[in-house]
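Enquirer: Below is the structure I would like to discuss, written out as structure tokens.
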Amino acid sequence: MSNDEILAKLKEKLAEAIGTDREKVIGSDIRAFENWIKDGQKDDCPVNLGIHGIYPQGITDMPVEPATPIKNVIEKRPDELPKPLVAEPVKTEIVIPIAEEFAVSSKGERPADNINMDDVASEEANRNQEILRLELEKVRKYIEKQEWREAVALAGIVETRASRTVKDHAHELFSQAQTGLNKALEEALAQGNSARAANDTSTARKSYQAVLNLEPSNSDARLALKELDGLVQEQVSGKQIGNMRAGLRERRDIRRLGEAVYDAEALDQESKLPDELQGILKDARIFYDQTRSQMGEETTQMRFGDVTATAQAVDTFQARVAKGEKYIFDATTNTEKPSFELLREAQTLLQQASEDTAQYEINIADKDKFLRPRYVYQRLRKALEQPFYEQEKRKLEEKLAEIDRFVQAQEQAENLHEKALQESDQVRKLALLLQARNIFGALTGLDEQVVQMRPVAISVMQTGMNDFLRKAETSLRSQEYADARSASVEAERQASAWPEAQKPEEIVKLVAETQAMRQLIDDTENAWKEYLQLAKDVRQKVVDQNQRATGLDLFKQVSEDERFKGFPDLRTLRSEIDQYKGVGEQLNDALSARSIGEWSRVFEIADKVLKAGTAGQLAPRFQELYADSVTELNISRAQGLLQDDEIPEANNILSATLNKEKERGGEREANLRTRLSDELERIQQAIQSTRSFMQPLYDEACKVLGLFDNVGFKAYTSPSFALRQSRVGADGQVSSPGLRALINRLKGSSDDDDPTPQELMERAGEILMVELSRKGFAERLNALKLFRYVGYQNQAGEKDWPPHTLSLRTAEARRAARLVADSLRQTELEPLKQKRNAYQGNERELDDEALRQMAGQAAGLREASLLETEDERALGRWVEVQWETRLAISEEKRANWSGAVDIWRRLDTHHPACLMLSVVCEMPASNTQVIGLIILFITIIKAKMP
């Protein structure tokens, strides 16, 4: 591989590493490699190309003899891997249910979720750092044994390959070893020189040889030995020249070549190297340096490379042995070792690398199979491309078969999850999410969605069951027992659809209520059947003069039976029986009803007798009872209106009642005023506060919506008043022609009766909803706030608003607020739901402006308490959390940490536990999320401190 090819490879690696931690490392190595080429490739290449997956046969374009594999050079073990073999597939059972509906074939490539190269690089880097950490233990042992040459070599290599703390430790050990080496060299040279001066040739020779053992290139020691051997003379002999020439031309014995190079260079320093060897020495030095560099890369990869690199080293060493190369330079010990010895070591390391790497991949697979099975699957397939020994390869293939089942489970869960996102039935959606979680619980965000969906599903089921219970109750009151029973059965059927074995407490309670309703329906229907038979007997007996007394007694028993009191027919029967009673008996019944406050019964008896003209001399008594019952019923009606803050209508009724009592006698009016003093005072206070305080705010809200003079709005907010004002008088005139015209338009036909107050509200409301839909979101929110304040609906006011008081506009403002709230929910909620269904799970596709507008609408609806169901609150929470998260991350990128934390704090205020969920669940947490969570914990702790 040429230098240009190596440089191109490095630049390819740099392009792949952009944005990762490896970018700076590769960029630095590229600059070092280019500078090394510019400087004429002096000394060894400064870049360890092996860490980038580049294994050149030589740094320059110098031809290298082709490697010829040999056979039977060393005895092979049975488990040695001569070439990759195919292992038999192994069936591995794993306890994960896979429904046939979602089963996915294990054949072919797995979709998406491929290996994240940054993750793999990070894992490999951590693993390599651990290997290098273990190598430092060898360095420490070398230092303990004072094997300085080996310690310096190994520590230097570890330092170039390590990072962070491992690199720091390697540097410390390298410095320690280098210091020891320098000191040992100085001491050995000093001993040699001292012994030589004392003519102690033996000691001098040992000392100088010790120097060469520590530093083979040391020219001082080498020259000293030559001089001791008498080889350094004024002129080198022919024999010496021949031996040196042969050594410098040696290409298969790196040790002999090195000795010759060092000897020649020592002579050259003394200017005693013959000219004929000058050119040979230059070529020999180049070959020697290149071969050492190449061998150093091979031995380094043998010790620190992956399985593939170690296998390549084995092949290379086999080729060197086949070529007859006697020694191989080991860069990790800075020594030349016999080729056979190094080959055996490489084969041992290959076997160990095969075992270690396979086990490492299996460990990662076991760790990540529940979280990222696709990643594990692709990683194992990638790993199996390496030349493992057969035993390890079989283990990896077995593990791959196991992971394939996990991938199928994930795919099934994803299909269920996708169906859940499309499902509109919230209970069914929860069922699909739970099914997906049971199959593959590590699906990203699944736990959070289940947590969010459970209360929504509970709320939806509660609503459905309550609707059927109300229907059952309504049908029961209407005595439609079959419909009531059907509704209760449907309520139980809904409860049975809950997707978990243990039903929530809320649903269990409703099931108990449903069962109680079923029992009540049965009991009431049986009582009704019994009543019908008894009522039939009563009716038959009272028409017979001879059995009338028996019939009246039976009626008395029936009317006093608690089981029958709720039946409307009992009132009809009572009215029928009245005709069989004398006027005195009916007067007694009326007086009895009066004594217990049953004024409706008093009114019924008195009205019937007076209209029948049968009162006779008792007519004044019945007239008095009639007038008293009308007064009391009006008072009861007015008091009910006052409880609902319907001040104008209550005032109208009480005023008319007091006038009637005044006609009956001034004392009666005075007594009634005293009795109604609290009610009248309340009305008077409301009248006084209306114009001064509440009316201006009410008018402002009407003007914001453009409804200040709208007759439809007046009819909606005060329907009873509108009907009175539009009533046609005896003279054919009406008080409000505008209201009369509106009511005429709202009637189906001119011959139809005027609508009731409730019907008028409903028909006017339909028209107003269309008009309000044309108003802006902010305008309606502002008007809603004003109406609620006037209506005293727990709405905080602005600083310049007067204190809230009861007024004539209180009830009207409440109806107006309900109308505006319905308008906002109708026009704003459905579009938000559609956006959520379209983008949930793909939130990144929402552009900032659209998400900002959605978040503003969601916040407005939340602040106005218009998110009424748990599903709607979850909708608003989803929108606001997405937007606030995007804002916080944006602030974090700008390094505005306090601003980001403020956003998380605000989010936790509006949506408690959302910050917690985003950190605890699979969602990735940003730095500020963690900071925000810490601040939240501190806040909670401070709140609990005394």
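All residue names refer to the structure tokens as shown: chains lettered A, B, ... in order, residues numbered from 1 in each chain, ligands numbered from 1 in order.
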Please report, as a tab-separated table, each residue of segment 781-851 of chain A lying at most 8 Å from segment 673-688 of chain A, together with the nearest pair of atoms and the separation in Å rounded to one decimal; use only C-alpha atoms, and order rows by chain and ascending residue number.

Expert:
```
residue	atom	partner	partner_atom	distance
A:Thr805	CA	A:Ala686	CA	7.4
A:Leu806	CA	A:Ala686	CA	5.2
A:Ser807	CA	A:Ala686	CA	4.0
A:Leu808	CA	A:Ala686	CA	5.8
```

Enquirer: Would you export the selected residues with N, CA, C and O atoms as a short mmCIF file (atom, residue, chain, number, x, y, z; two decimals), in the first residue's frame, please?

Expert:
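Final output, saved to again-v1.cif:
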```
data_model
loop_
_atom_site.label_atom_id
_atom_site.label_comp_id
_atom_site.auth_asym_id
_atom_site.auth_seq_id
_atom_site.Cartn_x
_atom_site.Cartn_y
_atom_site.Cartn_z
N THR A 805 -68.89 40.57 43.21
CA THR A 805 -70.10 40.53 44.03
C THR A 805 -71.23 39.91 43.22
O THR A 805 -71.19 39.91 41.98
N LEU A 806 -72.23 39.40 43.93
CA LEU A 806 -73.41 38.85 43.27
C LEU A 806 -74.15 39.98 42.55
O LEU A 806 -74.27 41.09 43.08
N SER A 807 -74.63 39.69 41.33
CA SER A 807 -75.31 40.73 40.57
C SER A 807 -76.42 40.12 39.73
O SER A 807 -76.60 38.90 39.70
N LEU A 808 -77.15 41.00 39.07
CA LEU A 808 -78.20 40.54 38.17
C LEU A 808 -77.64 39.80 36.97
O LEU A 808 -78.38 39.09 36.28
#
```

Enquirer: Give the strand (DSSP E) residues of segment 263-432 of chain A, as DSSP finds them on the backbone, and put them as a list in words.

Expert: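 Selecting the strand (DSSP E) positions of segment 263-432 of chain A gives Tyr327, Ile328, Phe329, Asp330, Thr335, Glu336, Lys337 and Pro338 of chain A.
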
Enquirer: Between A:Asp822, A:Glu892, A:Asp289, A:Glu390, which residue has the minimum interatomic distance to Ser773 of chain A, considering only C-alpha atoms?

Expert: A:Asp822

Enquirer: If we count only C-alpha atoms and set the cut-off at 6 Å, which residues sit around segment 615-625 of chain A, ignoring sequence neighbours fewer than 3 positions away in its own chain? Please answer as a ChimeraX atom specification.

Expert: /A:606,609,628

Enquirer: Which residues come within 12 Å of Asp523 of chain A, counting only C-alpha atoms, excluding same-chain residues fewer than 6 positions away, as a PyMOL selection string?

Expert: chain A and resi 476+481+485+516-517+529-530+563-564

Enquirer: Could those selected residues go to a file with N, CA and C atoms, as a PDB file, in the first residue's frame?

Expert:
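again.pdb, freshly written:
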```pdb
ATOM      1  N   LEU A 476     -85.386   3.460  33.946  1.00  0.00           N
ATOM      2  CA  LEU A 476     -86.066   2.951  35.142  1.00  0.00           C
ATOM      3  C   LEU A 476     -87.133   3.936  35.612  1.00  0.00           C
ATOM      4  N   TYR A 481     -88.384  -0.963  31.666  1.00  0.00           N
ATOM      5  CA  TYR A 481     -87.514  -1.894  32.388  1.00  0.00           C
ATOM      6  C   TYR A 481     -86.600  -2.699  31.458  1.00  0.00           C
ATOM      7  N   ARG A 485     -82.636  -2.576  31.804  1.00  0.00           N
ATOM      8  CA  ARG A 485     -81.829  -3.791  32.008  1.00  0.00           C
ATOM      9  C   ARG A 485     -80.771  -3.920  30.904  1.00  0.00           C
ATOM     10  N   ALA A 516     -75.733  -3.296  41.512  1.00  0.00           N
ATOM     11  CA  ALA A 516     -76.801  -2.767  42.367  1.00  0.00           C
ATOM     12  C   ALA A 516     -77.954  -2.243  41.526  1.00  0.00           C
ATOM     13  N   MET A 517     -77.627  -1.607  40.377  1.00  0.00           N
ATOM     14  CA  MET A 517     -78.671  -1.112  39.481  1.00  0.00           C
ATOM     15  C   MET A 517     -79.490  -2.263  38.899  1.00  0.00           C
ATOM     16  N   LYS A 529     -95.151  -4.695  38.861  1.00  0.00           N
ATOM     17  CA  LYS A 529     -96.129  -5.727  38.509  1.00  0.00           C
ATOM     18  C   LYS A 529     -97.129  -5.935  39.666  1.00  0.00           C
ATOM     19  N   GLU A 530     -96.607  -5.940  40.870  1.00  0.00           N
ATOM     20  CA  GLU A 530     -97.474  -6.094  42.043  1.00  0.00           C
ATOM     21  C   GLU A 530     -98.400  -4.893  42.170  1.00  0.00           C
ATOM     22  N   ARG A 563     -92.508   1.123  48.412  1.00  0.00           N
ATOM     23  CA  ARG A 563     -92.068   0.592  47.109  1.00  0.00           C
ATOM     24  C   ARG A 563     -92.805   1.240  45.952  1.00  0.00           C
ATOM     25  N   PHE A 564     -94.026   1.762  46.218  1.00  0.00           N
ATOM     26  CA  PHE A 564     -94.873   2.249  45.128  1.00  0.00           C
ATOM     27  C   PHE A 564     -94.858   3.761  44.988  1.00  0.00           C
TER      28      PHE A 564
END
```

Enquirer: Just to confirm, what's the straight-line distance from atom CA of Lys775 of chain A to atom CA of Gly876 of chain A in Å (one decimal)?

Expert: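 Pair atom CA of Lys775 of chain A / atom CA of Gly876 of chain A returns 21.7 Å.
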
Enquirer: Using only C-alpha atoms, which protein or nucleic acid residues come within 10 Å of Thr160 of chain A? Drop anything in the same chain fewer than 2 positions from it, and give the result as a list in words.

Expert: Pro46, Val47, Asn48, Ile51, Ala155, Gly156, Ile157, Val158, Ala162, Ser163, Lys167, Ala170 and His171 of chain A

Enquirer: Which neighbours of Glu598 of chain A fall inside 9 Å, counting only C-alpha atoms, when residues of the same chain fewer than 6 positions from it are skipped, and could you give them as number ranges by chain?

Expert: A: 590, 592, 629

Enquirer: Based on the selection just made, write N, CA, C and O atoms of those residues as a PDB file, in the first residue's frame.

Expert:
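Writing the result to selection_4.pdb gives the following:
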```pdb
ATOM      1  N   ALA A 590    -106.372  17.759  52.066  1.00  0.00           N
ATOM      2  CA  ALA A 590    -105.626  18.977  51.754  1.00  0.00           C
ATOM      3  C   ALA A 590    -104.977  19.543  53.009  1.00  0.00           C
ATOM      4  O   ALA A 590    -103.815  19.991  52.993  1.00  0.00           O
ATOM      5  N   SER A 592    -104.191  17.862  55.673  1.00  0.00           N
ATOM      6  CA  SER A 592    -103.117  16.938  56.064  1.00  0.00           C
ATOM      7  C   SER A 592    -101.862  17.197  55.236  1.00  0.00           C
ATOM      8  O   SER A 592    -100.739  17.223  55.761  1.00  0.00           O
ATOM      9  N   SER A 629    -101.224  27.739  48.687  1.00  0.00           N
ATOM     10  CA  SER A 629    -100.370  26.802  47.934  1.00  0.00           C
ATOM     11  C   SER A 629     -99.652  27.519  46.796  1.00  0.00           C
ATOM     12  O   SER A 629     -98.468  27.269  46.527  1.00  0.00           O
TER      13      SER A 629
END
```

Enquirer: For atom CA of Thr179 of chain A and atom CA of Glu297 of chain A, determine how far apart the two atoms are, in Å to one decimal place.

Expert: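 Distance between the two atoms: 25.4 Å.
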
Enquirer: What's the 8 Å shell around segment 746-762 of chain A, counting only C-alpha atoms, without same-chain residues fewer than 3 positions away, as JSON, numbers by chain?

Expert: {"A": [715, 716, 717, 719, 720, 723, 742, 743, 765, 766]}

Enquirer: Could you pull out the residues in segment 462-561 of chain A that DSSP calls alpha helix (DSSP H) from the backbone, as a ChimeraX atom specification?

Expert: /A:462-477,481-496,505-542,548-560

Enquirer: Find the residue from A:Val460, A:Val508, A:Leu781, A:Pro373 that sits nearest to Glu868 of chain A; use only C-alpha atoms when measuring.

Expert: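 Of the candidates, the smallest distance to Glu868 of chain A is held by A:Val460.
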